[in-house]
$ cat entry.cif   # mmCIF, C-alpha atoms
data_start
loop_
_atom_site.label_atom_id
_atom_site.label_comp_id
_atom_site.auth_asym_id
_atom_site.auth_seq_id
_atom_site.Cartn_x
_atom_site.Cartn_y
_atom_site.Cartn_z
CA MET A 13 8.62 -8.51 -19.99
CA SER A 14 10.22 -6.30 -22.63
CA THR A 15 12.52 -3.40 -21.79
CA LYS A 16 10.12 -0.95 -23.44
CA ARG A 17 7.26 -2.19 -21.26
CA PHE A 18 9.41 -1.79 -18.15
CA GLU A 19 10.27 1.76 -19.18
CA TYR A 20 6.62 2.59 -19.89
CA LEU A 21 5.44 1.31 -16.50
CA ASN A 22 8.37 2.99 -14.78
CA ASP A 23 7.33 6.31 -16.34
CA LEU A 24 3.69 5.72 -15.44
CA PHE A 25 4.53 5.11 -11.79
CA HIS A 26 6.68 8.22 -11.51
CA ASN A 27 4.03 10.32 -13.25
CA LEU A 28 1.43 9.10 -10.76
CA TYR A 29 3.79 9.66 -7.84
CA ASP A 30 4.53 13.20 -9.02
CA ALA A 31 0.84 14.00 -9.58
CA ASP A 32 -0.01 15.97 -6.46
CA THR A 33 -3.62 16.77 -7.38
CA GLU A 34 -6.61 14.75 -8.56
CA VAL A 35 -6.76 16.74 -11.78
CA LYS A 36 -3.27 15.56 -12.72
CA VAL A 37 -4.16 11.95 -11.91
CA ASP A 38 -7.31 12.26 -14.03
CA LYS A 39 -5.26 13.33 -17.03
CA ILE A 40 -2.87 10.41 -16.60
CA LEU A 41 -5.74 7.92 -16.45
CA GLU A 42 -7.31 9.42 -19.56
CA SER A 43 -4.11 8.60 -21.47
CA LEU A 44 -4.10 4.88 -20.58
CA ASP A 45 -4.80 2.38 -23.34
CA SER A 46 -6.86 -0.83 -23.42
CA ASN A 47 -4.07 -2.81 -21.74
CA PHE A 48 -5.23 -1.33 -18.45
CA SER A 49 -8.27 -2.47 -16.49
CA TRP A 50 -9.76 -2.23 -13.00
CA ARG A 51 -10.42 -4.95 -10.44
CA PRO A 52 -12.62 -4.61 -7.31
CA TYR A 53 -10.71 -4.18 -4.07
CA GLY A 54 -10.89 -7.50 -2.23
CA ASP A 55 -12.53 -9.01 -5.33
CA ASN A 56 -15.82 -7.72 -4.00
CA LYS A 57 -18.02 -5.02 -5.55
CA LYS A 58 -19.82 -4.78 -2.20
CA ASN A 59 -16.73 -3.33 -0.49
CA PHE A 60 -18.04 0.25 -0.25
CA GLY A 61 -19.70 -0.11 3.15
CA VAL A 62 -16.74 -1.89 4.74
CA ILE A 63 -14.22 0.71 3.57
CA GLU A 64 -16.34 3.81 4.20
CA ASN A 65 -17.20 2.79 7.77
CA GLN A 66 -13.72 2.11 9.15
CA GLN A 67 -12.87 5.46 10.74
CA ALA A 68 -14.87 8.61 11.42
CA SER A 69 -11.97 11.00 10.70
CA PRO A 70 -8.66 10.96 8.82
CA ILE A 71 -6.48 10.94 11.96
CA PRO A 72 -7.28 7.36 13.07
CA ALA A 73 -7.08 6.34 9.41
CA ILE A 74 -3.48 7.56 9.25
CA VAL A 75 -2.74 5.85 12.57
CA GLU A 76 -4.00 2.59 11.05
CA LYS A 77 -1.56 2.99 8.16
CA ILE A 78 1.33 3.53 10.60
CA THR A 79 0.21 0.48 12.56
CA ASN A 80 0.43 -1.55 9.37
CA SER A 81 3.93 -0.18 8.79
CA ILE A 82 5.00 -1.30 12.27
CA ASP A 83 3.59 -4.76 11.57
CA ALA A 84 5.49 -4.91 8.27
CA ILE A 85 8.78 -3.99 9.96
CA LEU A 86 8.31 -6.66 12.64
CA MET A 87 7.50 -9.19 9.92
CA ARG A 88 10.67 -8.31 8.03
CA HIS A 89 12.85 -8.79 11.09
CA CYS A 90 11.12 -12.05 11.83
CA TYR A 91 11.92 -13.37 8.36
CA GLU A 92 15.48 -12.08 8.60
CA LYS A 93 15.89 -14.11 11.80
CA GLY A 94 14.80 -17.18 9.85
CA ILE A 95 11.59 -17.54 11.87
CA ASP A 96 8.21 -18.48 10.43
CA PRO A 97 5.89 -15.77 11.90
CA LYS A 98 3.13 -18.36 12.30
CA SER A 99 5.35 -20.92 14.05
CA SER A 100 5.43 -21.80 17.75
CA ILE A 101 8.84 -20.11 18.17
CA ALA A 102 7.67 -16.74 16.87
CA PRO A 103 7.23 -13.97 19.49
CA LYS A 104 3.82 -13.98 21.17
CA SER A 105 3.37 -10.23 21.50
CA VAL A 106 4.55 -6.92 20.09
CA ASP A 107 6.76 -6.29 23.15
CA LYS A 108 8.40 -9.70 22.86
CA ALA A 109 8.96 -9.18 19.13
CA ILE A 110 10.69 -5.83 19.78
CA SER A 111 12.94 -7.42 22.40
CA ALA A 112 13.75 -10.35 20.11
CA PHE A 113 14.37 -8.37 16.91
CA PHE A 114 15.95 -5.13 18.17
CA ASP A 115 19.05 -5.43 20.34
CA LYS A 116 19.05 -1.77 21.34
CA SER A 117 15.33 -1.25 21.85
CA GLU A 118 15.91 -0.29 25.48
CA ASN A 119 17.79 2.78 24.17
CA TRP A 120 15.08 4.04 21.82
CA ASP A 121 14.40 6.98 24.13
CA LEU A 122 17.92 8.26 23.43
CA HIS A 123 18.11 10.88 20.67
CA ASN A 124 20.54 9.07 18.36
CA GLU A 125 18.70 5.75 18.56
CA MET A 126 15.33 7.47 18.21
CA SER A 127 16.45 9.28 15.04
CA LYS A 128 17.85 6.08 13.55
CA GLN A 129 14.66 4.14 14.23
CA ALA A 130 12.51 6.98 12.87
CA GLU A 131 14.04 6.43 9.43
CA SER A 132 12.11 3.17 9.13
CA ILE A 133 8.71 4.92 8.98
CA GLN A 134 8.30 8.30 7.33
CA ILE A 135 5.33 10.54 6.53
CA ILE A 136 5.99 13.10 3.80
CA ALA A 137 3.55 15.85 2.84
CA SER A 138 3.43 17.47 -0.60
CA GLY A 139 1.09 19.29 -2.94
CA PRO A 140 -0.89 22.54 -2.68
CA ARG A 141 -1.91 23.91 0.71
CA LYS A 142 -5.30 22.57 1.84
CA ASN A 143 -5.05 19.92 -0.89
CA THR A 144 -2.15 17.97 0.58
CA SER A 145 -0.96 14.55 -0.48
CA LEU A 146 0.74 12.24 2.03
CA VAL A 147 3.41 9.64 1.36
CA ILE A 148 3.66 6.94 4.05
CA TYR A 149 6.89 4.97 3.73
CA ASP A 150 8.24 2.01 5.67
CA ASP A 151 11.15 -0.38 5.22
CA GLY A 152 9.11 -3.42 6.22
CA GLU A 153 8.79 -6.80 4.55
CA GLY A 154 7.33 -5.48 1.28
CA GLN A 155 5.43 -7.63 -1.19
CA HIS A 156 6.02 -9.09 -4.63
CA PRO A 157 3.63 -7.63 -7.24
CA GLU A 158 1.88 -10.98 -7.71
CA ASN A 159 1.07 -11.04 -3.98
CA PHE A 160 -0.61 -7.62 -3.84
CA PRO A 161 -4.15 -9.08 -4.28
CA ASP A 162 -3.64 -11.31 -1.22
CA THR A 163 -2.02 -8.64 0.96
CA PHE A 164 -2.41 -4.89 0.33
CA LEU A 165 -5.53 -5.36 -1.80
CA SER A 166 -7.33 -8.06 0.18
CA LEU A 167 -10.23 -7.42 2.50
CA LEU A 168 -11.65 -9.36 5.46
CA THR A 169 -9.43 -12.39 4.83
CA GLY A 170 -7.74 -12.30 8.25
CA ASN A 171 -4.30 -12.91 6.78
CA LYS A 172 -2.61 -11.74 10.02
CA ASN A 173 -4.86 -13.70 12.36
CA GLU A 174 -2.29 -16.45 12.96
CA ILE A 175 0.58 -14.05 13.69
CA PRO A 176 0.47 -13.08 17.39
CA PHE A 177 3.05 -10.26 17.39
CA VAL A 178 1.32 -7.97 14.87
CA GLN A 179 -1.48 -5.57 15.72
CA GLY A 180 -3.58 -5.95 12.59
CA LYS A 181 -6.02 -8.85 12.74
CA TYR A 182 -9.13 -8.34 10.64
CA ASN A 183 -7.59 -7.21 7.35
CA MET A 184 -9.73 -4.15 6.85
CA GLY A 185 -8.57 -1.22 9.03
CA GLY A 186 -5.88 -0.10 6.59
CA SER A 187 -8.46 0.33 3.85
CA GLY A 188 -10.21 3.09 5.78
CA ALA A 189 -7.76 5.78 4.68
CA ILE A 190 -9.07 5.56 1.11
CA ALA A 191 -12.30 7.22 2.20
CA PHE A 192 -10.35 10.41 2.97
CA CYS A 193 -8.32 10.52 -0.27
CA GLY A 194 -10.07 13.36 -2.06
CA THR A 195 -13.17 13.21 -4.24
CA ASN A 196 -12.06 10.30 -6.41
CA ARG A 197 -10.30 8.47 -3.55
CA TYR A 198 -7.00 8.03 -5.36
CA GLN A 199 -4.37 6.13 -3.41
CA LEU A 200 -1.09 4.94 -4.93
CA ILE A 201 0.43 1.76 -3.48
CA ALA A 202 3.97 0.63 -4.32
CA SER A 203 6.25 -2.02 -2.88
CA LYS A 204 9.25 -4.27 -3.39
CA ARG A 205 10.15 -7.31 -1.28
CA TYR A 206 12.69 -6.62 1.48
CA ASP A 207 15.20 -9.17 0.14
CA LYS A 208 15.30 -7.30 -3.21
CA THR A 209 13.90 -10.25 -5.15
CA GLY A 210 11.27 -9.72 -7.83
CA ASN A 211 10.05 -6.49 -9.36
CA PHE A 212 8.84 -3.23 -7.89
CA GLY A 213 5.05 -3.30 -8.10
CA PHE A 214 2.49 -0.53 -7.93
CA THR A 215 -1.20 0.10 -8.41
CA LEU A 216 -3.69 2.92 -8.05
CA LEU A 217 -6.83 2.66 -5.94
CA ARG A 218 -9.92 4.70 -6.67
CA LYS A 219 -13.68 4.91 -6.16
CA HIS A 220 -15.29 3.39 -9.25
CA PRO A 221 -17.03 6.09 -11.33
CA LEU A 222 -20.50 4.72 -12.01
CA SER A 223 -21.54 4.87 -15.64
CA GLU A 224 -25.16 5.28 -16.72
CA LYS A 225 -25.26 1.54 -17.31
CA ASP A 226 -23.85 0.87 -13.83
CA GLU A 227 -26.50 3.08 -12.24
CA GLN A 228 -29.21 0.87 -13.68
CA THR A 229 -27.77 -2.13 -11.80
CA TYR A 230 -25.96 -0.86 -8.68
CA LYS A 231 -27.28 1.24 -5.81
CA CYS A 232 -23.79 2.33 -4.77
CA THR A 233 -20.30 2.26 -6.17
CA TRP A 234 -17.23 0.27 -5.07
CA TYR A 235 -13.48 0.63 -4.75
CA GLU A 236 -11.09 -0.82 -7.33
CA TYR A 237 -7.43 -0.98 -8.33
CA LEU A 238 -5.48 -0.69 -11.56
CA LEU A 239 -4.11 -3.65 -13.53
CA PHE A 240 -1.89 -3.86 -16.59
CA LYS A 241 -2.74 -6.82 -18.83
CA GLU A 242 -4.63 -8.35 -15.87
CA HIS A 243 -1.56 -8.12 -13.58
CA ILE A 244 -0.21 -5.66 -11.05
CA PRO A 245 1.99 -3.18 -12.97
CA SER A 246 5.67 -3.72 -12.18
CA PHE A 247 9.18 -2.99 -13.36
CA SER A 248 12.77 -3.71 -12.36
CA ILE A 249 14.37 -1.31 -9.89
CA ASN A 250 17.19 -1.59 -7.33
CA SER A 251 16.80 1.66 -5.41
CA TRP A 252 14.70 4.80 -5.41
CA GLU A 253 14.74 8.04 -3.47
CA LEU A 254 11.53 9.38 -1.93
CA TYR A 255 12.05 12.78 -3.47
CA ILE A 256 9.44 15.52 -3.09
#

$ encode --input "entry.cif" --output "structure tokens"
Amino acid sequence: MSTKRFEYLNDLFHNLYDADTEVKVDKILESLDSNFSWRPYGDNKKNFGVIENQQASPIPAIVEKITNSIDAILMRHCYEKGIDPKSSIAPKSVDKAISAFFDKSENWDLHNEMSKQAESIQIIASGPRKNTSLVIYDDGEGQHPENFPDTFLSLLTGNKNEIPFVQGKYNMGGSGAIAFCGTNRYQLIASKRYDKTGNFGFTLLRKHPLSEKDEQTYKCTWYEYLLFKEHIPSFSINSWELYI
């Protein structure tokens, strides 16, 4: 990938991250060229019902996101211990995983240890009052850009079903938050693998805007995510501050 392309996608990501209203995101999308396209979430244009019926309010939807962050952190520590999370020697429950991966977990109720552990998952609010955007950060396992479609952007594949120490099982609960992301359902996803290999990948989720032609064929819309030249947009990066 050329340096200019890296710089372009780097700028695009930061522009999307800085866009704290839907109007700003709309303007960014209007400027994209024909290299960009959209792919149905979970490779299924019938995903609307699954996503819209996950949670009845935004609070449990946020909780589901945090649950996924906890799973990702446990997965990272499992890999760092050199353990296959699907193997017979992997912890068989969340409690056993915490005991195995965190030497000082019994001290988490102490202020210093609690503050240190809290750095691993952060929720940051920004944007205008009553039109707030949330950033949910974790320092979990992360994913390579090429693996986004099989992880963050998959649906009902049960990709955690063989891992006993994580809470997510059905590969759909985390998608429920999209239904509470404004009118157009914009949600920015970004990640880099914990071992710092590969590029930093990102994509934007949205509710597909039905065209007049679409309305002649489809009764309802679907959710989709952004691609650059048929791939998850990515660029090289070593570190980045979650500035607001």

$ closest_residue --input "entry.cif" --among "A:Ile249, A:Glu158, A:Cys193, A:Lys204" --to "Ser69 in chain A" --atoms "all atoms listed in the file"
A:Cys193

$ atom_distance --input "entry.cif" --atom1 "CA of Leu168 in chain A" --atom2 "CA of Ser203 in chain A"
21.1 Å

$ closest_residue --input "entry.cif" --among "A:Glu253, A:Asp150, A:Glu64, A:Asp207" --to "Asn80 in chain A" --atoms "all atoms listed in the file"
A:Asp150

$ axis_aligned_box --input "entry.cif" --around "range 48-57 of chain A" --padding-each-side "3 Å" --output "lines of an AutoDock Vina configuration file"
center_x = -11.6
center_y = -5.2
center_z = -10.3
size_x = 18.8
size_y = 13.7
size_z = 22.2

$ resolve_selection --input "entry.cif" --expression "the PyMOL selection byres ((chain A and resi 79) around 12)" --output "PyMOL selection string"
chain A and resi 72-78+80-86+106+133+148-150+152+178-181+185-186

$ closest_residue --input "entry.cif" --among "A:Glu118, A:Leu41, A:Val35, A:Lys57" --to "Leu216 in chain A" --atoms "only C-alpha atoms"
A:Leu41

$ atom_distance --input "entry.cif" --atom1 "CA of Gln67 in chain A" --atom2 "CA of Met184 in chain A"
10.8 Å

$ residues_around --input "entry.cif" --residues "range 225-233 of chain A" --least-positions-apart "5" --cutoff "12 Å" --atoms "all atoms listed in the file" --output "PyMOL selection string"
chain A and resi 52-53+56-61+63-64+196+218-220

$ atom_distance --input "entry.cif" --atom1 "CA of Pro176 in chain A" --atom2 "CA of Ser105 in chain A"
5.8 Å

$ residues_around --input "entry.cif" --residues "Asn211 in chain A" --least-positions-apart "6" --cutoff "12 Å" --atoms "all atoms listed in the file" --output "ChimeraX atom specification"
/A:13,18,21-22,154-159,202-205,244-251

$ residues_around --input "entry.cif" --residues "Ala102 in chain A" --least-positions-apart "2" --cutoff "9 Å" --atoms "all atoms listed in the file" --output "short mmCIF file (atom, residue, chain, number, x, y, z; two decimals) with C-alpha atoms, in the coordinates of the input"
data_model
loop_
_atom_site.label_atom_id
_atom_site.label_comp_id
_atom_site.auth_asym_id
_atom_site.auth_seq_id
_atom_site.Cartn_x
_atom_site.Cartn_y
_atom_site.Cartn_z
CA CYS A 90 11.12 -12.05 11.83
CA ILE A 95 11.59 -17.54 11.87
CA ASP A 96 8.21 -18.48 10.43
CA PRO A 97 5.89 -15.77 11.90
CA LYS A 98 3.13 -18.36 12.30
CA SER A 99 5.35 -20.92 14.05
CA SER A 100 5.43 -21.80 17.75
CA LYS A 104 3.82 -13.98 21.17
CA ALA A 109 8.96 -9.18 19.13
CA ILE A 175 0.58 -14.05 13.69
CA PRO A 176 0.47 -13.08 17.39
CA PHE A 177 3.05 -10.26 17.39
#

$ closest_residue --input "entry.cif" --among "A:Phe25, A:Trp50, A:Phe113, A:Tyr235" --to "Met87 in chain A" --atoms "all atoms listed in the file"
A:Phe113

$ residues_near_point --input "entry.cif" --point "(-9.0, -6.0, 1.1)" --cutoff "7 Å" --atoms "all atoms listed in the file" --output "list in words"
Tyr53, Gly54, Phe164, Leu165, Ser166, Leu167, Leu168, Asn183, Met184 and Ser187 of chain A

$ closest_residue --input "entry.cif" --among "A:Ser49, A:Asn171, A:Thr33, A:Asn65" --to "Gly188 in chain A" --atoms "all atoms listed in the file"
A:Asn65
